[in-house]
Structures are given as C-alpha cells and as structure tokens.
Amino acid sequence: MIDRLAIIGVGLIGSSLSLALKQAAAVGQVVGYGRNRQNLEKGVELGVIDRYATTIADCVSDADVIVVAVPLGAMRQVFGELKSSVRLDAVITDVGSAKGSVVSQARAELGDLFARFVPGHPIAGTEKSGVEAGFASLYQSRRVILTPLQQTAADAVEVVDQMWQHCGAIMEYLSVEHHDKVLAATSHLPHMLAYALVHHLSSLNDHEEIFRYAAGGFRDFTRIASSDPVMWRDVCLANGDALVLLIEQYQQELERIAAAIRDGDADELLKLFGRAKSERDSLIGNC
Ligand code: NAP
C-alpha cells in the first residue's frame, strides 16, 4: 500500500497507473503535476488524482513514491526540479520508453537520491494521450520491465515491483542496455515503419483515393502512426543508436524483397514470407 503517490505527467501512462492502484485499493492519496491546469482539473474531476499541485516541489514533498511519467525529453528537467523537495526515504521511478538516457539524466541530476531511483517501463499503451485516455486495466497481464542498477536500493525496487503487481502487471528485470536493444526492435522500429508508411503514402498525388480504399490490414498496421509525435521524437533521440542500426538492417530486408520481385523470384518470396509467417505464428500465436 502506498500512502501518498505523486504523479508528474498525468497523461495516458500516469493516469492509468493511478486508476489501477485506486481500483486495487493499493494507494491512499494521489497528487498530480503537469503544466496544463485544465488537464489536471480534468484529472480531479475524473477521479484520476485526488488533488493537483502547481509546482513539482509541492507535488513531491510529502510523497512516499514519485512516478515521473512525462515525455523522455522532459525527464531531466523534472529530475532537476524534484530533487531538493523529495523526502530522503521516498522512492522515485519513471515509465520512459528508453532507459539509457533516463538513467544517465537521473544519475546526473539526483545525486545521492539516485540510489532511490528505480528505472521502469510498462510495456503497455495505446496511440492516445492525455488524462482522458487513461484506464485502470491498461497494465493487466502486461509486462513491466525494471532496470535497476547496482547502486539502486533493494527496498526501493521492492516498492516499485509491488506497485506494478497491484496493477496486474507481470514483472521483468533487464539491464538498461538490453532493454534499449530489445525495445528498439519490438516497439521503436515498428513505430518508425508505421510513421514512414503513412507519411510516404500521404505524399503521393492520389493519396486521398489510396486512403479511401484502406482496409483492416492497413488500419491495423498504421494505428500506431496516430501516437503522440512528441513522445516518438523523444524516443528516437533517446535510443537513436540501436534504432538506426535496426532501420538500416530493415532497409536491406526491403531491398531483398524488391530484388526478388524485380527478378520474378517466386521461390525466394515464398521462402521469405513462409519463414516470417511460421516465426510469427509460433512466437506470438496465430491471431
Ligand atoms: P501523455 O499522455 O502525453 O502524458 C504525458 C504527460 O506529461 C502530459 O499529461 C503532460 O501534461 C505532461 N508533461 C509533458 N511535459 C511536461 C513537463 N515538462 N513537465 C511536467 N509535465 C509534463 O504521454 P504518455 O503516453 O503517458 O507517455 C508518458 C511517458 O510514458 C513517456 O516517457 C513515454 O515514453 C512513456 N510510455 C508511453 C507509452 C505509450 O504507449 N504511450 C508506453 C510506455 C511508456 P502537460 O502538457 O499538462 O504538462
């Protein structure tokens, strides 16, 4: 049970966490902070937060657990602002989609409090943003990855682990580097492909007609291109090295398909599609 929870960034991820903890009766008071007062007022109205603070200092000063749920590009500033007001025994965690940049910024800003910081990433989300997008079941049976470091206090890790378990999440532990490599492949690259596809098609002369005939497969594949551009700009900048490598390898894969089509190489196409289908069917299920 967390008596007092501070959420900095009351958007999809922060709101859903608060709603899930409230539903599980695993939290006392939730205080929110963000830049936009209307969003925070909406949060109170919807029962996502119990009250909001107008400064980060006020938001965190009383808190047992502080969750930083802002875009990656805003993390450093938030760490810098909260450190002088946090209780020394409080636990600080984040939800950022890349961990290397967050950890180095937290290390640079938090000083001695860095041992109280538990880097985290829920592998759950939607293409929607803001407080109204939050819902209590978002983390149910979804994985949450924690990437604690050698100096991270064991009791802080335990608190964050329990917090996510109360939301129904399945806990995983990875190193920071491994997390960023795996997530670049499974999440960051697919978002780039969706953005690139929609951007490319919309630049074609007859794009209105093309989109008019878009069917289920196109909608499924491109849904994530409706995600928040600020968030994905920040993910690209935060996990650039791993992502660029994968984009380059993917370009080679596309080139291989283009070459097989140019050559009329039916066997090569069948082999490639067959292998991809059986991999997906066995790893993710035929759904
Ligand atoms: P979101 O819905 O846009 O929420 C972000 C919140 O942060 C907004 O409510 C915004 O409120 C606040 N914010 C932005 N800049 C701020 C600043 N400088 N200081 C204080 N508050 C600030 O985004 P989200 O999807 O919840 O993403 C939040 C974090 O979760 C990101 O780090 C993202 O990488 C990570 N994440 C996202 C997903 C996903 O699928 N969406 C999944 C896993 C992890 P104001 O504009 O009012 O300040």
# chains A, B, ... in the order shown; residues from 1 in each chain; ligands from 1
$ closest_atom_pairs --of "chain A" --to "ligand 1" --cutoff "9 Å" --atoms "only C-alpha atoms and all ligand atoms" --output "JSON lines"
{"residue": "A:Ile8", "atom": "CA", "partner": "ligand 1", "partner_atom_place_in_ligand_line": "21 (N)", "distance": 5.8}
{"residue": "A:Gly9", "atom": "CA", "partner": "ligand 1", "partner_atom_place_in_ligand_line": "7 (O)", "distance": 3.4}
{"residue": "A:Val10", "atom": "CA", "partner": "ligand 1", "partner_atom_place_in_ligand_line": "9 (O)", "distance": 4.2}
{"residue": "A:Gly11", "atom": "CA", "partner": "ligand 1", "partner_atom_place_in_ligand_line": "4 (O)", "distance": 3.2}
{"residue": "A:Leu12", "atom": "CA", "partner": "ligand 1", "partner_atom_place_in_ligand_line": "26 (O)", "distance": 3.8}
{"residue": "A:Ile13", "atom": "CA", "partner": "ligand 1", "partner_atom_place_in_ligand_line": "26 (O)", "distance": 3.7}
{"residue": "A:Gly14", "atom": "CA", "partner": "ligand 1", "partner_atom_place_in_ligand_line": "26 (O)", "distance": 5.7}
{"residue": "A:Ser15", "atom": "CA", "partner": "ligand 1", "partner_atom_place_in_ligand_line": "26 (O)", "distance": 7.5}
{"residue": "A:Ser16", "atom": "CA", "partner": "ligand 1", "partner_atom_place_in_ligand_line": "26 (O)", "distance": 8.5}
{"residue": "A:Tyr33", "atom": "CA", "partner": "ligand 1", "partner_atom_place_in_ligand_line": "20 (C)", "distance": 6.5}
{"residue": "A:Gly34", "atom": "CA", "partner": "ligand 1", "partner_atom_place_in_ligand_line": "48 (O)", "distance": 3.9}
{"residue": "A:Arg35", "atom": "CA", "partner": "ligand 1", "partner_atom_place_in_ligand_line": "48 (O)", "distance": 3.5}
{"residue": "A:Asn36", "atom": "CA", "partner": "ligand 1", "partner_atom_place_in_ligand_line": "47 (O)", "distance": 3.5}
{"residue": "A:Arg37", "atom": "CA", "partner": "ligand 1", "partner_atom_place_in_ligand_line": "47 (O)", "distance": 6.5}
{"residue": "A:Gln38", "atom": "CA", "partner": "ligand 1", "partner_atom_place_in_ligand_line": "47 (O)", "distance": 7.7}
{"residue": "A:Asn39", "atom": "CA", "partner": "ligand 1", "partner_atom_place_in_ligand_line": "47 (O)", "distance": 5.7}
{"residue": "A:Leu40", "atom": "CA", "partner": "ligand 1", "partner_atom_place_in_ligand_line": "47 (O)", "distance": 7.0}
{"residue": "A:Ile56", "atom": "CA", "partner": "ligand 1", "partner_atom_place_in_ligand_line": "20 (C)", "distance": 8.0}
{"residue": "A:Val68", "atom": "CA", "partner": "ligand 1", "partner_atom_place_in_ligand_line": "29 (C)", "distance": 7.8}
{"residue": "A:Ala69", "atom": "CA", "partner": "ligand 1", "partner_atom_place_in_ligand_line": "29 (C)", "distance": 4.5}
{"residue": "A:Val70", "atom": "CA", "partner": "ligand 1", "partner_atom_place_in_ligand_line": "7 (O)", "distance": 3.7}
{"residue": "A:Pro71", "atom": "CA", "partner": "ligand 1", "partner_atom_place_in_ligand_line": "32 (O)", "distance": 3.8}
{"residue": "A:Leu72", "atom": "CA", "partner": "ligand 1", "partner_atom_place_in_ligand_line": "32 (O)", "distance": 4.5}
{"residue": "A:Gly73", "atom": "CA", "partner": "ligand 1", "partner_atom_place_in_ligand_line": "18 (N)", "distance": 7.9}
{"residue": "A:Ala74", "atom": "CA", "partner": "ligand 1", "partner_atom_place_in_ligand_line": "18 (N)", "distance": 4.6}
{"residue": "A:Met75", "atom": "CA", "partner": "ligand 1", "partner_atom_place_in_ligand_line": "18 (N)", "distance": 7.4}
{"residue": "A:Gln77", "atom": "CA", "partner": "ligand 1", "partner_atom_place_in_ligand_line": "18 (N)", "distance": 6.9}
{"residue": "A:Val78", "atom": "CA", "partner": "ligand 1", "partner_atom_place_in_ligand_line": "19 (N)", "distance": 6.3}
{"residue": "A:Asp94", "atom": "CA", "partner": "ligand 1", "partner_atom_place_in_ligand_line": "32 (O)", "distance": 7.7}
{"residue": "A:Val95", "atom": "CA", "partner": "ligand 1", "partner_atom_place_in_ligand_line": "30 (O)", "distance": 5.0}
{"residue": "A:Gly96", "atom": "CA", "partner": "ligand 1", "partner_atom_place_in_ligand_line": "32 (O)", "distance": 3.6}
{"residue": "A:Ser97", "atom": "CA", "partner": "ligand 1", "partner_atom_place_in_ligand_line": "34 (O)", "distance": 3.9}
{"residue": "A:Ala98", "atom": "CA", "partner": "ligand 1", "partner_atom_place_in_ligand_line": "34 (O)", "distance": 6.9}
{"residue": "A:Gly120", "atom": "CA", "partner": "ligand 1", "partner_atom_place_in_ligand_line": "44 (C)", "distance": 8.9}
{"residue": "A:His121", "atom": "CA", "partner": "ligand 1", "partner_atom_place_in_ligand_line": "44 (C)", "distance": 5.7}
{"residue": "A:Pro122", "atom": "CA", "partner": "ligand 1", "partner_atom_place_in_ligand_line": "43 (C)", "distance": 5.1}
{"residue": "A:Ile123", "atom": "CA", "partner": "ligand 1", "partner_atom_place_in_ligand_line": "43 (C)", "distance": 5.5}
{"residue": "A:Ala124", "atom": "CA", "partner": "ligand 1", "partner_atom_place_in_ligand_line": "42 (C)", "distance": 5.2}
{"residue": "A:Gly125", "atom": "CA", "partner": "ligand 1", "partner_atom_place_in_ligand_line": "40 (O)", "distance": 3.3}
{"residue": "A:Thr126", "atom": "CA", "partner": "ligand 1", "partner_atom_place_in_ligand_line": "40 (O)", "distance": 4.9}
{"residue": "A:Glu127", "atom": "CA", "partner": "ligand 1", "partner_atom_place_in_ligand_line": "40 (O)", "distance": 6.2}
{"residue": "A:Lys128", "atom": "CA", "partner": "ligand 1", "partner_atom_place_in_ligand_line": "2 (O)", "distance": 6.8}
{"residue": "A:Ser129", "atom": "CA", "partner": "ligand 1", "partner_atom_place_in_ligand_line": "2 (O)", "distance": 3.4}
{"residue": "A:Gly130", "atom": "CA", "partner": "ligand 1", "partner_atom_place_in_ligand_line": "2 (O)", "distance": 3.7}
{"residue": "A:Val131", "atom": "CA", "partner": "ligand 1", "partner_atom_place_in_ligand_line": "9 (O)", "distance": 6.2}
{"residue": "A:Glu132", "atom": "CA", "partner": "ligand 1", "partner_atom_place_in_ligand_line": "2 (O)", "distance": 8.6}
{"residue": "A:Ala133", "atom": "CA", "partner": "ligand 1", "partner_atom_place_in_ligand_line": "2 (O)", "distance": 7.2}
{"residue": "A:Gly134", "atom": "CA", "partner": "ligand 1", "partner_atom_place_in_ligand_line": "2 (O)", "distance": 8.1}
{"residue": "A:Ile224", "atom": "CA", "partner": "ligand 1", "partner_atom_place_in_ligand_line": "40 (O)", "distance": 8.9}
{"residue": "A:Ser227", "atom": "CA", "partner": "ligand 1", "partner_atom_place_in_ligand_line": "41 (N)", "distance": 7.2}
{"residue": "A:Asp228", "atom": "CA", "partner": "ligand 1", "partner_atom_place_in_ligand_line": "3 (O)", "distance": 6.7}
{"residue": "A:Val230", "atom": "CA", "partner": "ligand 1", "partner_atom_place_in_ligand_line": "3 (O)", "distance": 8.0}
{"residue": "A:Met231", "atom": "CA", "partner": "ligand 1", "partner_atom_place_in_ligand_line": "34 (O)", "distance": 5.8}
{"residue": "A:Trp232", "atom": "CA", "partner": "ligand 1", "partner_atom_place_in_ligand_line": "34 (O)", "distance": 7.6}
{"residue": "A:Asp234", "atom": "CA", "partner": "ligand 1", "partner_atom_place_in_ligand_line": "34 (O)", "distance": 7.7}
{"residue": "A:Val235", "atom": "CA", "partner": "ligand 1", "partner_atom_place_in_ligand_line": "34 (O)", "distance": 6.6}
$ select_by_dssp --residues "segment 22-257 of chain A" --states "helix (DSSP H, G or I)" --output "MDAnalysis selection string"
chainID A and resid 22:23 37:45 56:60 72:82 100:116 131:133 154:166 176:202 207:212 216:226 229:238 240:257
$ atom_distance --atom1 "atom CA of Thr93 of chain A" --atom2 "atom CA of Leu189 of chain A"
25.2 Å
$ closest_residue --among "A:Lys99, A:Arg256, A:Arg262, A:Lys181" --to "Val244 of chain A" --atoms "only C-alpha atoms"
A:Lys181
$ closest_residue --among "A:Ser141, A:Asp180, A:Leu46, A:Leu270" --to "His166 of chain A" --atoms "only C-alpha atoms"
A:Ser141
$ select_by_dssp --residues "segment 15-174 of chain A" --states "strand (DSSP E)" --output "PyMOL selection string"
chain A and resi 27-33+51-52+65-68+91-94+117-118+120-122+143-146+170-173
$ write_last_selection --atoms "N, CA, C and O atoms" --output "tab-separated table (two decimals), in the first residue's frame"
chain	number	residue	atom	x	y	z
A	27	VAL	N	-3.48	2.37	-2.95
A	27	VAL	CA	-2.92	3.72	-2.81
A	27	VAL	C	-3.86	4.57	-1.95
A	27	VAL	O	-5.08	4.36	-1.98
A	28	GLY	N	-3.25	5.50	-1.19
A	28	GLY	CA	-4.05	6.43	-0.40
A	28	GLY	C	-4.35	7.65	-1.24
A	28	GLY	O	-5.25	7.64	-2.09
A	29	GLN	N	-3.53	8.70	-1.07
A	29	GLN	CA	-3.77	9.93	-1.82
A	29	GLN	C	-2.85	10.03	-3.04
A	29	GLN	O	-1.66	9.70	-2.96
A	30	VAL	N	-3.42	10.47	-4.16
A	30	VAL	CA	-2.62	10.67	-5.38
A	30	VAL	C	-2.62	12.16	-5.73
A	30	VAL	O	-3.68	12.78	-5.89
A	31	VAL	N	-1.42	12.72	-5.83
A	31	VAL	CA	-1.27	14.13	-6.20
A	31	VAL	C	-0.62	14.19	-7.58
A	31	VAL	O	0.35	13.47	-7.85
A	32	GLY	N	-1.18	15.02	-8.45
A	32	GLY	CA	-0.65	15.11	-9.81
A	32	GLY	C	0.00	16.45	-10.09
A	32	GLY	O	-0.33	17.47	-9.46
A	33	TYR	N	0.95	16.43	-11.03
A	33	TYR	CA	1.53	17.69	-11.50
A	33	TYR	C	1.67	17.61	-13.02
A	33	TYR	O	2.03	16.56	-13.58
A	51	ARG	N	-5.78	15.41	-5.87
A	51	ARG	CA	-5.57	16.86	-5.96
A	51	ARG	C	-4.38	17.09	-6.88
A	51	ARG	O	-3.65	16.14	-7.23
A	52	TYR	N	-4.20	18.35	-7.28
A	52	TYR	CA	-3.02	18.64	-8.09
A	52	TYR	C	-2.20	19.73	-7.45
A	52	TYR	O	-2.69	20.52	-6.63
A	65	VAL	N	6.05	7.67	-2.86
A	65	VAL	CA	6.51	7.21	-4.18
A	65	VAL	C	6.22	8.31	-5.19
A	65	VAL	O	5.14	8.90	-5.19
A	66	ILE	N	7.22	8.57	-6.04
A	66	ILE	CA	7.07	9.59	-7.08
A	66	ILE	C	7.24	8.89	-8.43
A	66	ILE	O	8.27	8.24	-8.67
A	67	VAL	N	6.24	9.04	-9.30
A	67	VAL	CA	6.32	8.43	-10.62
A	67	VAL	C	6.47	9.55	-11.65
A	67	VAL	O	5.61	10.42	-11.75
A	68	VAL	N	7.55	9.51	-12.40
A	68	VAL	CA	7.79	10.52	-13.43
A	68	VAL	C	7.28	9.94	-14.76
A	68	VAL	O	7.84	8.97	-15.28
A	91	VAL	N	10.68	6.89	-2.75
A	91	VAL	CA	11.10	6.09	-3.91
A	91	VAL	C	10.71	6.87	-5.17
A	91	VAL	O	9.59	7.36	-5.28
A	92	ILE	N	11.66	6.96	-6.10
A	92	ILE	CA	11.39	7.66	-7.37
A	92	ILE	C	11.47	6.63	-8.48
A	92	ILE	O	12.39	5.79	-8.50
A	93	THR	N	10.52	6.68	-9.39
A	93	THR	CA	10.59	5.78	-10.54
A	93	THR	C	10.09	6.52	-11.78
A	93	THR	O	9.59	7.65	-11.67
A	94	ASP	N	10.28	5.91	-12.94
A	94	ASP	CA	9.81	6.55	-14.18
A	94	ASP	C	9.18	5.48	-15.05
A	94	ASP	O	9.21	4.29	-14.70
A	117	PHE	N	16.22	5.73	-6.98
A	117	PHE	CA	15.56	5.79	-8.30
A	117	PHE	C	15.55	4.41	-8.95
A	117	PHE	O	16.59	3.79	-9.14
A	118	VAL	N	14.34	3.96	-9.31
A	118	VAL	CA	14.17	2.65	-9.94
A	118	VAL	C	13.66	2.87	-11.37
A	118	VAL	O	12.49	3.23	-11.56
A	120	GLY	N	11.94	2.25	-14.78
A	120	GLY	CA	10.90	1.29	-15.16
A	120	GLY	C	10.27	1.62	-16.50
A	120	GLY	O	10.40	2.75	-17.01
A	121	HIS	N	9.63	0.61	-17.09
A	121	HIS	CA	8.96	0.82	-18.37
A	121	HIS	C	7.81	-0.18	-18.52
A	121	HIS	O	8.05	-1.37	-18.71
A	122	PRO	N	6.56	0.31	-18.43
A	122	PRO	CA	5.44	-0.59	-18.70
A	122	PRO	C	5.31	-0.84	-20.20
A	122	PRO	O	5.28	0.11	-20.98
A	143	ARG	N	3.51	-6.76	-19.43
A	143	ARG	CA	4.82	-6.78	-18.79
A	143	ARG	C	5.26	-5.37	-18.38
A	143	ARG	O	5.00	-4.41	-19.10
A	144	VAL	N	5.90	-5.30	-17.23
A	144	VAL	CA	6.58	-4.07	-16.84
A	144	VAL	C	8.03	-4.44	-16.59
A	144	VAL	O	8.33	-5.38	-15.85
A	145	ILE	N	8.93	-3.72	-17.25
A	145	ILE	CA	10.36	-4.01	-17.12
A	145	ILE	C	10.99	-3.01	-16.16
A	145	ILE	O	10.82	-1.80	-16.32
A	146	LEU	N	11.69	-3.53	-15.17
A	146	LEU	CA	12.51	-2.66	-14.31
A	146	LEU	C	13.97	-2.91	-14.66
A	146	LEU	O	14.36	-4.04	-14.95
A	170	ILE	N	2.97	-8.13	-15.08
A	170	ILE	CA	3.96	-9.22	-14.95
A	170	ILE	C	5.33	-8.55	-14.93
A	170	ILE	O	5.67	-7.81	-15.86
A	171	MET	N	6.10	-8.82	-13.89
A	171	MET	CA	7.37	-8.09	-13.73
A	171	MET	C	8.52	-8.81	-14.42
A	171	MET	O	8.66	-10.02	-14.37
A	172	GLU	N	9.37	-7.99	-15.07
A	172	GLU	CA	10.58	-8.50	-15.74
A	172	GLU	C	11.73	-7.59	-15.34
A	172	GLU	O	11.53	-6.39	-15.12
A	173	TYR	N	12.93	-8.16	-15.32
A	173	TYR	CA	14.12	-7.38	-14.99
A	173	TYR	C	15.14	-7.52	-16.12
A	173	TYR	O	15.44	-8.63	-16.55
$ residues_around --residues "Met163 of chain A" --least-positions-apart "6" --cutoff "9 Å" --atoms "only C-alpha atoms" --output "list in words"
Met1, Ile2, Leu17, Leu21, Ala26 and Val27 of chain A
$ atom_distance --atom1 "atom CA of Gln252 of chain A" --atom2 "atom CA of His179 of chain A"
24.1 Å
$ atom_distance --atom1 "atom CA of Ala185 of chain A" --atom2 "atom CA of Leu149 of chain A"
22.7 Å
$ residues_around --residues "Arg87 of chain A" --least-positions-apart "5" --cutoff "12 Å" --atoms "only C-alpha atoms" --output "PyMOL selection string"
chain A and resi 4+57-66+82+92+112-113+116
$ write_last_selection --atoms "C-alpha atoms" --output "PDB file, in the first residue's frame"
ATOM      1  CA  ARG A   4       0.989   9.135  -0.817  1.00  0.00           C
ATOM      2  CA  ALA A  57       8.179  20.750  -5.213  1.00  0.00           C
ATOM      3  CA  ASP A  58       4.657  20.819  -3.776  1.00  0.00           C
ATOM      4  CA  CYS A  59       3.713  17.660  -5.650  1.00  0.00           C
ATOM      5  CA  VAL A  60       6.591  15.543  -4.307  1.00  0.00           C
ATOM      6  CA  SER A  61       7.365  16.953  -0.852  1.00  0.00           C
ATOM      7  CA  ASP A  62       5.036  14.602   1.026  1.00  0.00           C
ATOM      8  CA  ALA A  63       5.174  11.608  -1.301  1.00  0.00           C
ATOM      9  CA  ASP A  64       6.239   8.068  -0.479  1.00  0.00           C
ATOM     10  CA  VAL A  65       6.509   7.208  -4.179  1.00  0.00           C
ATOM     11  CA  ILE A  66       7.072   9.588  -7.084  1.00  0.00           C
ATOM     12  CA  LEU A  82      12.233  17.493  -7.760  1.00  0.00           C
ATOM     13  CA  ILE A  92      11.391   7.665  -7.366  1.00  0.00           C
ATOM     14  CA  ASP A 112      22.611  10.794  -3.513  1.00  0.00           C
ATOM     15  CA  LEU A 113      18.947  10.243  -4.330  1.00  0.00           C
ATOM     16  CA  ARG A 116      16.274   5.693  -4.539  1.00  0.00           C
TER      17      ARG A 116
END
$ decode --residues "segment 188-202 of chain A" --atoms "N, CA, C and O atoms" --output "compact mmCIF listing (two decimals), in the first residue's frame"
# COMPACT_ATOMS: atom_id res chain seq x y z
N HIS A 188 10.15 0.37 -30.98
CA HIS A 188 10.57 1.61 -31.61
C HIS A 188 10.61 1.47 -33.14
O HIS A 188 10.10 2.34 -33.87
N LEU A 189 11.19 0.37 -33.65
CA LEU A 189 11.23 0.17 -35.10
C LEU A 189 9.81 0.09 -35.70
O LEU A 189 9.53 0.79 -36.69
N PRO A 190 8.89 -0.72 -35.14
CA PRO A 190 7.53 -0.74 -35.71
C PRO A 190 6.87 0.63 -35.78
O PRO A 190 6.16 0.93 -36.75
N HIS A 191 7.11 1.49 -34.80
CA HIS A 191 6.54 2.83 -34.87
C HIS A 191 7.14 3.61 -36.04
O HIS A 191 6.43 4.34 -36.73
N MET A 192 8.44 3.44 -36.27
CA MET A 192 9.07 4.13 -37.40
C MET A 192 8.46 3.65 -38.72
O MET A 192 8.22 4.44 -39.64
N LEU A 193 8.21 2.34 -38.81
CA LEU A 193 7.66 1.78 -40.06
C LEU A 193 6.25 2.33 -40.31
O LEU A 193 5.90 2.68 -41.43
N ALA A 194 5.45 2.43 -39.24
CA ALA A 194 4.09 2.93 -39.40
C ALA A 194 4.10 4.41 -39.80
O ALA A 194 3.40 4.82 -40.72
N TYR A 195 4.94 5.19 -39.11
CA TYR A 195 5.03 6.62 -39.47
C TYR A 195 5.51 6.78 -40.91
O TYR A 195 4.99 7.59 -41.68
N ALA A 196 6.54 6.00 -41.28
CA ALA A 196 7.11 6.14 -42.63
C ALA A 196 6.10 5.75 -43.69
O ALA A 196 5.98 6.42 -44.73
N LEU A 197 5.34 4.68 -43.44
CA LEU A 197 4.36 4.23 -44.43
C LEU A 197 3.28 5.30 -44.65
O LEU A 197 2.98 5.67 -45.78
N VAL A 198 2.73 5.80 -43.56
CA VAL A 198 1.65 6.79 -43.69
C VAL A 198 2.20 8.08 -44.31
O VAL A 198 1.58 8.68 -45.20
N HIS A 199 3.40 8.47 -43.88
CA HIS A 199 4.00 9.70 -44.42
C HIS A 199 4.26 9.53 -45.91
O HIS A 199 3.97 10.42 -46.72
N HIS A 200 4.77 8.38 -46.29
CA HIS A 200 5.08 8.13 -47.70
C HIS A 200 3.81 8.14 -48.55
O HIS A 200 3.74 8.83 -49.58
N LEU A 201 2.81 7.39 -48.11
CA LEU A 201 1.57 7.32 -48.91
C LEU A 201 0.88 8.67 -48.99
O LEU A 201 0.31 9.02 -50.02
N SER A 202 0.96 9.44 -47.91
CA SER A 202 0.25 10.72 -47.94
C SER A 202 0.96 11.75 -48.82
O SER A 202 0.39 12.77 -49.15
